[in-house]
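What follows is the content of model24.cif, which has mmCIF, C-alpha atoms:
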data_start
loop_
_atom_site.label_atom_id
_atom_site.label_comp_id
_atom_site.auth_asym_id
_atom_site.auth_seq_id
_atom_site.Cartn_x
_atom_site.Cartn_y
_atom_site.Cartn_z
CA MET A 1 -68.64 -8.21 23.05
CA SER A 2 -68.73 -4.44 22.76
CA ALA A 3 -68.42 -2.76 19.37
CA SER A 4 -65.23 -1.04 20.43
CA ARG A 5 -63.61 -4.34 21.52
CA ARG A 6 -64.59 -6.05 18.23
CA LYS A 7 -63.06 -3.14 16.30
CA PHE A 8 -59.80 -3.36 18.29
CA LEU A 9 -59.46 -7.13 17.72
CA ARG A 10 -60.12 -6.80 13.99
CA GLY A 11 -57.46 -4.08 13.80
CA ALA A 12 -54.91 -6.15 15.72
CA ALA A 13 -55.51 -9.17 13.51
CA ALA A 14 -55.11 -7.09 10.37
CA ALA A 15 -51.85 -5.61 11.66
CA THR A 16 -50.51 -9.05 12.57
CA GLY A 17 -51.39 -10.41 9.14
CA ALA A 18 -49.73 -7.49 7.40
CA ALA A 19 -46.58 -7.93 9.46
CA THR A 20 -46.51 -11.68 8.75
CA LEU A 21 -46.95 -11.13 5.03
CA GLY A 22 -44.61 -8.15 4.90
CA PHE A 23 -41.66 -9.47 6.86
CA PRO A 24 -40.36 -11.95 4.25
CA MET A 25 -40.55 -9.25 1.58
CA ILE A 26 -38.57 -6.81 3.73
CA ALA A 27 -35.98 -9.44 4.58
CA LYS A 28 -35.59 -10.24 0.91
CA ALA A 29 -35.19 -6.58 -0.03
CA GLN A 30 -32.55 -6.14 2.66
CA GLY A 31 -30.55 -9.22 1.71
CA PRO A 32 -26.73 -9.30 1.54
CA ILE A 33 -25.01 -6.67 -0.58
CA SER A 34 -22.37 -8.21 -2.82
CA MET A 35 -19.32 -6.39 -4.14
CA ARG A 36 -16.88 -7.62 -6.74
CA TRP A 37 -13.39 -6.27 -6.23
CA GLN A 38 -10.01 -6.75 -7.82
CA SER A 39 -6.56 -6.30 -6.35
CA THR A 40 -3.52 -5.16 -8.30
CA TRP A 41 -1.54 -8.21 -7.17
CA PRO A 42 -1.05 -11.81 -8.28
CA ALA A 43 -3.07 -14.32 -6.26
CA LYS A 44 0.08 -15.76 -4.65
CA ASP A 45 1.39 -12.40 -3.38
CA ILE A 46 1.00 -11.50 0.29
CA PHE A 47 -0.46 -8.18 -0.90
CA HIS A 48 -3.45 -10.06 -2.34
CA GLU A 49 -3.66 -11.80 1.04
CA TYR A 50 -3.89 -8.37 2.68
CA ALA A 51 -6.77 -7.51 0.35
CA ASN A 52 -8.58 -10.70 1.37
CA ASP A 53 -7.84 -9.96 5.03
CA PHE A 54 -9.67 -6.64 4.72
CA ALA A 55 -12.58 -8.21 2.87
CA LYS A 56 -12.95 -10.88 5.55
CA LYS A 57 -12.98 -8.27 8.30
CA VAL A 58 -15.82 -6.41 6.59
CA ASN A 59 -17.73 -9.59 5.78
CA ASP A 60 -17.44 -10.78 9.39
CA MET A 61 -18.13 -7.42 11.02
CA THR A 62 -21.30 -6.90 8.98
CA GLY A 63 -22.49 -10.43 9.77
CA GLY A 64 -22.52 -11.21 6.08
CA ASP A 65 -24.74 -8.25 5.19
CA LEU A 66 -21.91 -7.01 2.96
CA ARG A 67 -19.94 -9.60 1.05
CA ILE A 68 -16.77 -8.52 -0.72
CA GLU A 69 -15.14 -10.91 -3.17
CA VAL A 70 -11.57 -10.01 -4.18
CA LEU A 71 -10.20 -11.19 -7.52
CA PRO A 72 -6.46 -11.11 -8.38
CA ALA A 73 -4.83 -8.71 -10.83
CA GLY A 74 -5.88 -9.25 -14.42
CA ALA A 75 -9.10 -11.11 -13.58
CA VAL A 76 -11.18 -8.19 -14.92
CA VAL A 77 -8.72 -5.42 -15.82
CA PRO A 78 -4.93 -5.02 -15.83
CA ALA A 79 -3.36 -3.92 -12.53
CA PHE A 80 -2.83 -0.35 -13.73
CA GLY A 81 -6.47 -0.13 -14.90
CA LEU A 82 -8.02 -0.38 -11.44
CA LEU A 83 -8.87 3.30 -10.91
CA GLU A 84 -10.72 3.58 -14.20
CA ALA A 85 -12.60 0.31 -13.64
CA VAL A 86 -13.77 1.33 -10.16
CA THR A 87 -14.70 4.82 -11.40
CA LYS A 88 -16.87 3.35 -14.16
CA GLY A 89 -18.42 0.76 -11.87
CA THR A 90 -16.97 -2.16 -13.80
CA LEU A 91 -15.65 -3.12 -10.38
CA ASP A 92 -17.24 -2.13 -7.07
CA GLY A 93 -13.86 -1.58 -5.44
CA GLY A 94 -10.26 -2.61 -5.31
CA HIS A 95 -6.97 -2.88 -3.45
CA GLY A 96 -3.73 -1.35 -4.67
CA VAL A 97 -1.41 1.61 -4.19
CA LEU A 98 -1.95 5.24 -5.11
CA VAL A 99 1.23 5.51 -7.17
CA TYR A 100 -0.24 3.05 -9.69
CA HIS A 101 -2.51 5.95 -10.78
CA TYR A 102 0.45 8.28 -11.24
CA GLY A 103 -0.33 8.71 -14.94
CA LYS A 104 -3.73 10.23 -14.11
CA GLN A 105 -2.33 12.90 -11.77
CA ASN A 106 1.29 12.88 -10.69
CA ALA A 107 0.47 14.42 -7.30
CA LEU A 108 -0.76 10.97 -6.28
CA ALA A 109 2.93 10.07 -6.01
CA LEU A 110 3.06 12.12 -2.81
CA TRP A 111 1.25 9.24 -1.08
CA GLY A 112 4.30 7.00 -1.01
CA SER A 113 6.67 7.60 -3.91
CA GLY A 114 9.55 9.61 -2.50
CA PRO A 115 11.29 10.46 0.78
CA ALA A 116 8.14 12.04 2.32
CA PHE A 117 10.34 14.71 3.92
CA GLY A 118 11.69 12.18 6.42
CA MET A 119 8.37 10.62 7.42
CA ASP A 120 7.91 6.87 7.52
CA ALA A 121 4.72 5.25 6.23
CA ASN A 122 2.94 5.37 9.58
CA GLN A 123 3.67 9.08 9.94
CA LEU A 124 2.43 9.69 6.41
CA LEU A 125 -0.82 7.97 7.36
CA ALA A 126 -0.97 10.18 10.46
CA TRP A 127 -0.70 13.20 8.16
CA HIS A 128 -3.42 11.74 5.94
CA LYS A 129 -5.90 11.33 8.81
CA TYR A 130 -5.03 14.27 11.05
CA GLY A 131 -2.99 16.67 8.91
CA GLY A 132 -5.38 17.33 6.03
CA GLY A 133 -4.34 14.59 3.64
CA ARG A 134 -7.75 12.96 3.43
CA GLU A 135 -9.42 16.17 2.30
CA LEU A 136 -6.65 16.83 -0.22
CA LEU A 137 -6.96 13.34 -1.70
CA THR A 138 -10.73 13.79 -2.07
CA LYS A 139 -10.10 17.09 -3.83
CA LEU A 140 -7.46 15.53 -6.08
CA TYR A 141 -9.65 12.61 -7.15
CA ALA A 142 -12.56 14.95 -7.85
CA SER A 143 -10.30 17.08 -10.06
CA ILE A 144 -9.60 14.13 -12.38
CA GLY A 145 -13.16 12.80 -12.40
CA ALA A 146 -12.37 9.72 -10.33
CA ASN A 147 -15.69 8.52 -8.93
CA VAL A 148 -14.14 6.77 -5.93
CA VAL A 149 -13.93 6.82 -2.14
CA SER A 150 -10.34 6.11 -1.11
CA PHE A 151 -8.90 4.80 2.16
CA PRO A 152 -5.08 4.75 2.32
CA TYR A 153 -4.03 2.20 4.96
CA GLY A 154 -1.36 -0.37 5.78
CA PRO A 155 2.03 1.30 6.38
CA MET A 156 4.81 -0.42 4.44
CA PRO A 157 8.38 -0.76 5.73
CA THR A 158 11.12 0.98 3.75
CA GLN A 159 11.44 -0.76 0.41
CA PRO A 160 14.77 -2.09 -0.91
CA LEU A 161 16.69 -0.25 -3.59
CA GLY A 162 16.25 -3.44 -5.56
CA TRP A 163 17.65 -6.65 -7.02
CA PHE A 164 20.87 -6.47 -9.02
CA LYS A 165 23.38 -8.74 -10.74
CA LYS A 166 26.12 -7.56 -8.39
CA PRO A 167 26.41 -5.22 -5.37
CA VAL A 168 26.17 -1.53 -6.19
CA THR A 169 28.85 0.56 -4.51
CA LYS A 170 28.45 3.98 -6.16
CA VAL A 171 26.04 6.05 -8.22
CA GLU A 172 28.03 5.57 -11.42
CA GLU A 173 27.31 1.83 -11.39
CA LEU A 174 23.60 2.51 -11.77
CA LYS A 175 23.89 4.47 -14.99
CA GLY A 176 22.46 2.75 -18.04
CA LEU A 177 20.80 -0.12 -16.17
CA LYS A 178 17.36 -1.21 -17.40
CA PHE A 179 15.37 -0.84 -14.20
CA ARG A 180 11.79 -1.35 -13.02
CA THR A 181 10.03 1.09 -10.68
CA VAL A 182 6.76 3.06 -10.55
CA GLY A 183 5.36 6.49 -9.70
CA LEU A 184 7.59 9.51 -9.22
CA SER A 185 10.44 7.05 -8.67
CA ILE A 186 10.49 6.79 -12.46
CA ASP A 187 11.66 10.40 -12.63
CA VAL A 188 14.09 9.95 -9.74
CA PHE A 189 15.88 6.94 -11.21
CA THR A 190 15.79 8.38 -14.72
CA ALA A 191 17.57 11.47 -13.38
CA MET A 192 20.16 9.15 -11.85
CA GLY A 193 20.89 7.69 -15.29
CA LEU A 194 18.82 4.49 -15.32
CA ALA A 195 16.57 3.38 -18.18
CA VAL A 196 13.26 2.89 -16.37
CA ASN A 197 10.32 0.65 -17.24
CA ALA A 198 7.15 0.59 -15.10
CA LEU A 199 5.73 -2.93 -14.86
CA PRO A 200 3.10 -4.52 -12.59
CA GLY A 201 4.44 -6.88 -9.94
CA GLY A 202 3.63 -10.11 -11.74
CA GLU A 203 5.58 -9.10 -14.86
CA ILE A 204 8.89 -8.11 -13.26
CA VAL A 205 10.64 -11.46 -12.76
CA PRO A 206 9.77 -12.76 -16.27
CA ALA A 207 11.20 -9.53 -17.71
CA MET A 208 14.42 -9.96 -15.70
CA ASP A 209 14.63 -13.59 -16.78
CA ARG A 210 14.40 -12.60 -20.46
CA GLY A 211 17.01 -9.86 -20.04
CA LEU A 212 14.50 -7.05 -20.59
CA LEU A 213 15.50 -5.69 -17.19
CA ASP A 214 18.95 -5.56 -15.57
CA ALA A 215 17.59 -4.78 -12.12
CA ALA A 216 14.28 -4.09 -10.39
CA GLU A 217 12.58 -3.15 -7.17
CA PHE A 218 9.21 -4.34 -5.92
CA ASN A 219 8.60 -4.19 -2.19
CA ASN A 220 9.59 -6.62 0.57
CA ALA A 221 11.21 -9.96 1.42
CA THR A 222 7.98 -11.98 1.30
CA SER A 223 6.54 -10.54 -1.92
CA ASP A 224 9.91 -10.58 -3.65
CA ARG A 225 10.47 -14.20 -2.65
CA LEU A 226 6.99 -15.33 -3.75
CA LEU A 227 7.34 -13.50 -7.06
CA GLY A 228 10.58 -15.39 -7.75
CA PHE A 229 13.27 -12.72 -7.51
CA PRO A 230 15.82 -15.19 -6.04
CA ASP A 231 15.53 -17.21 -9.26
CA VAL A 232 16.90 -14.33 -11.33
CA SER A 233 19.15 -12.49 -8.86
CA LYS A 234 21.16 -13.28 -5.74
CA VAL A 235 21.93 -9.68 -4.74
CA CYS A 236 19.49 -7.33 -3.03
CA MET A 237 20.35 -3.78 -1.96
CA LEU A 238 18.47 -2.71 1.19
CA GLN A 239 17.33 0.80 2.17
CA SER A 240 16.26 3.51 -0.20
CA PHE A 241 14.43 6.84 -0.27
CA HIS A 242 12.48 6.11 -3.45
CA GLN A 243 9.57 4.51 -1.53
CA ASN A 244 10.28 4.67 2.17
CA ALA A 245 6.77 5.80 3.19
CA GLU A 246 4.27 3.97 1.00
CA GLN A 247 0.95 2.48 2.01
CA PHE A 248 -1.88 0.54 0.37
CA GLU A 249 -5.19 1.90 -0.87
CA ILE A 250 -8.68 0.49 -0.38
CA MET A 251 -11.00 1.96 -2.98
CA PHE A 252 -14.78 1.91 -3.46
CA ASN A 253 -16.89 3.10 -6.35
CA LYS A 254 -18.35 6.30 -4.89
CA ALA A 255 -21.95 5.69 -5.95
CA LYS A 256 -21.82 2.17 -4.53
CA PHE A 257 -20.28 3.38 -1.26
CA ASP A 258 -22.65 6.34 -0.86
CA ALA A 259 -25.65 4.01 -1.25
CA LEU A 260 -24.62 1.91 1.76
CA PRO A 261 -26.40 2.36 5.11
CA ALA A 262 -24.61 4.68 7.53
CA LYS A 263 -23.94 1.80 9.92
CA MET A 264 -22.22 -0.19 7.17
CA LYS A 265 -20.07 2.80 6.16
CA ALA A 266 -18.96 3.15 9.79
CA ILE A 267 -18.06 -0.55 9.91
CA ILE A 268 -15.99 -0.18 6.75
CA GLU A 269 -14.07 2.84 8.07
CA ASN A 270 -13.26 1.02 11.30
CA ALA A 271 -12.37 -2.16 9.41
CA VAL A 272 -9.87 -0.12 7.38
CA GLU A 273 -8.04 0.91 10.54
CA ALA A 274 -8.20 -2.58 12.04
CA ALA A 275 -6.82 -4.06 8.81
CA SER A 276 -4.11 -1.39 8.72
CA GLN A 277 -2.73 -2.42 12.09
CA ASP A 278 -3.16 -6.13 11.42
CA MET A 279 -1.29 -5.78 8.12
CA SER A 280 1.56 -4.03 9.94
CA TRP A 281 1.82 -6.83 12.52
CA LYS A 282 1.63 -9.56 9.88
CA ALA A 283 4.33 -7.83 7.85
CA VAL A 284 6.75 -7.87 10.80
CA ASP A 285 6.20 -11.59 11.26
CA ARG A 286 6.24 -12.71 7.64
CA TYR A 287 8.87 -10.37 6.22
CA SER A 288 11.36 -11.19 8.97
CA LYS A 289 10.92 -14.93 8.39
CA ASP A 290 11.40 -14.63 4.65
CA TYR A 291 14.37 -12.30 5.13
CA ILE A 292 16.15 -15.13 6.95
CA GLU A 293 15.05 -17.79 4.48
CA LEU A 294 16.17 -15.73 1.51
CA GLN A 295 19.66 -15.85 3.01
CA THR A 296 19.71 -19.42 4.30
CA LYS A 297 17.65 -21.28 1.68
CA ASP A 298 17.87 -19.09 -1.41
CA LYS A 299 21.47 -17.94 -0.84
CA VAL A 300 20.65 -14.29 -1.43
CA ARG A 301 23.18 -11.71 -0.26
CA PHE A 302 21.85 -8.45 1.18
CA TYR A 303 23.82 -5.20 1.19
CA LYS A 304 23.06 -1.77 2.57
CA THR A 305 22.69 0.89 -0.10
CA PRO A 306 25.66 3.28 0.15
CA ASP A 307 24.94 6.71 1.62
CA SER A 308 26.23 8.35 -1.56
CA ILE A 309 23.37 6.76 -3.52
CA LEU A 310 20.81 7.71 -0.87
CA ALA A 311 22.00 11.32 -0.98
CA GLN A 312 21.76 11.33 -4.79
CA GLN A 313 18.18 10.06 -4.54
CA LEU A 314 17.21 13.06 -2.43
CA THR A 315 18.82 15.45 -4.92
CA ALA A 316 17.08 13.71 -7.83
CA TYR A 317 13.74 13.79 -6.01
CA ASP A 318 14.03 17.53 -5.35
CA ALA A 319 14.71 18.13 -9.05
CA ALA A 320 11.72 16.02 -10.06
CA ALA A 321 9.46 17.78 -7.54
CA LYS A 322 10.59 21.20 -8.74
CA LYS A 323 9.25 20.37 -12.21
CA ARG A 324 5.75 20.09 -10.69
CA ALA A 325 5.74 23.71 -9.51
CA ASP A 326 2.97 24.52 -12.01
CA ASN A 327 0.72 21.75 -10.61
CA ALA A 328 -1.39 23.58 -8.02
CA ILE A 329 -2.65 20.47 -6.21
CA TRP A 330 0.91 19.11 -6.04
CA VAL A 331 2.13 22.34 -4.43
CA GLU A 332 -0.77 22.33 -1.95
CA ILE A 333 -0.18 18.71 -0.89
CA GLU A 334 3.58 19.14 -0.64
CA LYS A 335 3.18 22.22 1.57
CA SER A 336 0.79 20.37 3.86
CA GLN A 337 3.13 17.37 4.15
CA LYS A 338 6.18 19.52 4.88
CA GLU A 339 4.40 21.36 7.67
CA PHE A 340 3.36 18.09 9.29
CA ALA A 341 6.73 16.38 8.76
CA ALA A 342 8.71 19.28 10.25
CA ARG A 343 7.22 18.66 13.69
CA ALA A 344 6.32 14.93 13.49
CA VAL A 345 9.73 13.73 12.32
CA ARG A 346 11.60 16.01 14.74
CA TRP A 347 9.48 14.63 17.60
CA ASP A 348 10.13 11.06 16.44
CA LEU A 349 13.90 11.47 16.06
CA ASP A 350 14.25 13.27 19.38
CA THR A 351 11.97 10.91 21.32
CA ASN A 352 12.50 7.36 20.12
CA VAL A 353 15.74 5.60 21.01
CA ASN A 354 17.87 4.08 18.26
CA ARG A 355 17.32 0.33 18.71
CA ARG A 356 20.63 -0.73 17.15
CA MET A 357 22.47 -0.57 20.49
CA ALA A 358 19.98 -2.87 22.21
CA TYR A 359 19.96 -5.27 19.27
CA ASN A 360 23.74 -5.50 19.23
CA HIS A 361 23.76 -5.97 23.00
CA TYR A 362 21.58 -9.09 22.75
CA PHE A 363 22.34 -10.41 19.29
CA GLY A 364 25.82 -9.10 18.55
CA LYS A 365 26.93 -12.25 16.80
CA PRO A 366 25.19 -12.65 13.41
CA ALA A 367 22.94 -15.67 13.03
CA ALA A 368 24.21 -18.52 10.90
CA GLY A 369 24.01 -17.64 7.24
CA SER A 370 23.46 -13.91 7.78
CA LYS A 371 25.87 -11.05 7.15
CA PRO A 372 27.15 -8.40 9.57
CA ALA A 373 24.61 -5.58 9.66
CA ALA A 374 27.23 -2.85 9.40
CA LYS A 375 28.35 -3.94 5.95
CA LYS A 376 25.69 -6.30 4.71
CA ALA A 377 22.15 -6.12 6.03
#
Can I see the file as structure tokens?
Amino acid sequence: MSASRRKFLRGAAAATGAATLGFPMIAKAQGPISMRWQSTWPAKDIFHEYANDFAKKVNDMTGGDLRIEVLPAGAVVPAFGLLEAVTKGTLDGGHGVLVYHYGKQNALALWGSGPAFGMDANQLLAWHKYGGGRELLTKLYASIGANVVSFPYGPMPTQPLGWFKKPVTKVEELKGLKFRTVGLSIDVFTAMGLAVNALPGGEIVPAMDRGLLDAAEFNNATSDRLLGFPDVSKVCMLQSFHQNAEQFEIMFNKAKFDALPAKMKAIIENAVEAASQDMSWKAVDRYSKDYIELQTKDKVRFYKTPDSILAQQLTAYDAAAKKRADNAIWVEIEKSQKEFAARAVRWDLDTNVNRRMAYNHYFGKPAAGSKPAAKKA
């Protein structure tokens, strides 16, 4: 055998041995990345289910290379402590809403707490992705030292005015009520004469049961039913401007997110959008079912919020927003949203047909146990 051939074979054998020895070490070093998250919702709430839905999408799409475990509110920190915990790295990420961080910077309320200048939640998300909102949120979080990467997602339907002891027919009947809400809505309802208390979702019904609250709002038919609202109230007022364009937030600790491989970051960003649409579809299915069952099984009566109250909400919101004129980031975000809403909402109102006519054409007679839509929703 020639010297050159012997040298080649020795080299090939050495390379093969190195690869055989090295591969298990590489595989071990590149093992699954685990993340411990917390939601801001009780384990039984459909919102916690949405958080798990997102985690499962990421876990499946990465083939298990990233494994996110989602704990319910209070497992590590209180619901309102999520931003601080993720910033510090106590948690790797979380699932909640931006208005829960309102106390850190009130401009966060512009992602869902208020009339959004006529936009619905999906349009607000369109502004966030294509109208400059994402860059403004990054700037806002940096300004308060929040070490997070945030993904707003999951457009929510218009939230009810809330649960009351009796139907509300005029603004004057709201004055003096002990009421639960969050975000800038605190200022709006306070201006309308209510005594407001911000509580996490899991604490609302017990507070109503003990008489610490006269009325409260949370979010939707399914969540409200699971949280037990029908046990403490049989009257729910539908439609409101206080949170008609809210969405959820998926949040990562920035250092943890930045350390991920580029491919995994891309999977996460696409999983956010997939989960956003899936959440919207699931909400239509589940909320509509529970809306019927609240009426037929729980004997809840639904009423449309009078236009006089809706108009007063807009006036109260404008007054609350005016007080933020010295908050530069608030002014910048509000300007950006208004510019987007002026064209997006006009296009929507001019283009999309009002579906009430078609609904009445096919389902004009109310279903058993429901109320006429014109007077009671």
| said: List as a VMD selection string the protein and nucleic acid residues near Val99 (chain A), meaning an atom at most 9 Å away when all atoms listed in the file are counted, but skip any in the same chain fewer than 5 places from it. | reply: chain A and resid 106 to 113 182 to 184 246
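Residues in contact range of Tyr100 (chain A), defined as at most 9 Å between all atoms listed in the file, with sequence neighbours fewer than 3 positions away removed, read Thr40, Ala79, Phe80, Gly81, Leu82, Leu83, Gly96, Val97, Gly103, Leu108, Ala109, Val182, Gly183 and Pro200 of chain A.
In this structure, CA of Asn52 (chain A) sits 16.3 Å away from CA of Gln247 (chain A).
Residue nearest Tyr291 (chain A), chosen from A:Asp224, A:Glu69, A:Asp326, A:Glu334 and counting only C-alpha atoms: A:Asp224.
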| Shell around Ser240 (chain A) at 9 Å using all atoms listed in the file, local window under 5 positions removed, as a list of chain:residue names | A:Pro115, A:Thr158, A:Gln159, A:Pro160, A:Leu161, A:Gly162, A:Thr305, A:Ile309, A:Leu310, A:Gln313
Can you build me a table of region 294-341 of chain A residues sitting at most 12 Å from region 241-244 of chain A, with the closest atom pair per residue and its distance in Å to one decimal, using all atoms listed in the file, sorted by chain and residue number, as CSV?
residue,atom,partner,partner_atom,distance
A:Thr305,CA,A:Phe241,CA,10.2
A:Pro306,CA,A:Phe241,CA,11.8
A:Asp307,CA,A:Phe241,CA,10.7
A:Ser308,CA,A:Phe241,CA,12.0
A:Ile309,CA,A:Phe241,CA,9.5
A:Leu310,CA,A:Phe241,CA,6.5
A:Ala311,CA,A:Phe241,CA,8.8
A:Gln312,CA,A:Phe241,CA,9.7
A:Gln313,CA,A:Phe241,CA,6.5
A:Leu314,CA,A:Phe241,CA,7.1
A:Thr315,CA,A:Phe241,CA,10.7
A:Ala316,CA,A:His242,CA,9.9
A:Tyr317,CA,A:His242,CA,8.2
A:Asp318,CA,A:His242,CA,11.7
A:Ala320,CA,A:His242,CA,11.9
| Any chance you could work out the residue set of the PyMOL selection byres ((chain A and resi 336) around 12) here, as a PyMOL selection string? | chain A and resi 110+116-117+124+127-128+130-137+329-335+337-343
Output file for the residues above (C-alpha atoms, as a JSON list (two decimals), in the frame of the given file):
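Output file out29.json is given in full below:
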[["chain", "number", "residue", "atom", "x", "y", "z"],
["A", 110, "LEU", "CA", 3.06, 12.12, -2.81],
["A", 116, "ALA", "CA", 8.14, 12.04, 2.32],
["A", 117, "PHE", "CA", 10.34, 14.71, 3.92],
["A", 124, "LEU", "CA", 2.43, 9.69, 6.41],
["A", 127, "TRP", "CA", -0.70, 13.20, 8.16],
["A", 128, "HIS", "CA", -3.42, 11.74, 5.94],
["A", 130, "TYR", "CA", -5.03, 14.27, 11.05],
["A", 131, "GLY", "CA", -2.99, 16.67, 8.91],
["A", 132, "GLY", "CA", -5.38, 17.33, 6.03],
["A", 133, "GLY", "CA", -4.34, 14.59, 3.64],
["A", 134, "ARG", "CA", -7.75, 12.96, 3.43],
["A", 135, "GLU", "CA", -9.42, 16.17, 2.30],
["A", 136, "LEU", "CA", -6.65, 16.83, -0.22],
["A", 137, "LEU", "CA", -6.96, 13.34, -1.70],
["A", 329, "ILE", "CA", -2.65, 20.47, -6.21],
["A", 330, "TRP", "CA", 0.91, 19.11, -6.04],
["A", 331, "VAL", "CA", 2.13, 22.34, -4.43],
["A", 332, "GLU", "CA", -0.77, 22.33, -1.95],
["A", 333, "ILE", "CA", -0.18, 18.71, -0.89],
["A", 334, "GLU", "CA", 3.58, 19.14, -0.64],
["A", 335, "LYS", "CA", 3.18, 22.22, 1.57],
["A", 337, "GLN", "CA", 3.13, 17.37, 4.15],
["A", 338, "LYS", "CA", 6.18, 19.52, 4.88],
["A", 339, "GLU", "CA", 4.40, 21.36, 7.67],
["A", 340, "PHE", "CA", 3.36, 18.09, 9.29],
["A", 341, "ALA", "CA", 6.73, 16.38, 8.76],
["A", 342, "ALA", "CA", 8.71, 19.28, 10.25],
["A", 343, "ARG", "CA", 7.22, 18.66, 13.69]]
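Atom to atom, CA of Trp163 (chain A) and CA of Gly176 (chain A) stand 15.3 Å apart.
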| Atomic distance CA of Ile144 (chain A) - CA of Ala255 (chain A), expressed in Å with one decimal | 16.3 Å
| task | Taking the file above as input, evaluate the PyMOL selection byres ((chain A and resi 196) around 6) and report the hits as an MDAnalysis selection string. | result | chainID A and resid 178:180 194:195 197
| Residue IDs satisfying the PyMOL selection byres ((chain A and resi 34) around 10), as a PyMOL selection string | chain A and resi 31-33+35-37+59+64-69+92
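Residue neighbourhood of Lys165 (chain A), excluding near-sequence residues (fewer than 2 positions): A:Trp163, A:Pro167, A:Val168, A:Asp214, A:Ala215, A:Val232, A:Ser233, A:Lys234, A:Val235, A:Cys236, at 10 Å, using all atoms listed in the file.
Comparing the minimum interatomic distances between Gly74 (chain A) and each of A:Gln38, A:Thr181, A:Thr90, A:Thr62, counting only C-alpha atoms, we find that A:Gln38 sits nearest.
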| field | Which residue of A:Leu294, A:Leu260, A:Met357, A:Val86 approaches Ser150 (chain A) most closely, using all atoms listed in the file | value | A:Val86
| note | One residue among A:Ala358, A:Ile267, A:Leu227, A:Val70 is nearest to His95 (chain A) when using all atoms listed in the file, and that residue is A:Val70
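In this comparison, which uses all atoms listed in the file, the residue of A:Gln277, A:Ser185, A:Asn219, A:Thr296 approaching Tyr153 (chain A) most closely is A:Gln277.
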| Radius query 6 Å about (-2.4, -7.6, -7.5), atoms used: only C-alpha atoms, as a ChimeraX atom specification | /A:39-42,48,72-73
| said: Considering all atoms listed in the file, can you say which of A:Lys170, A:Lys44, A:Glu269, A:Ala275 comes closest to Gly228 (chain A)? | reply: A:Lys44
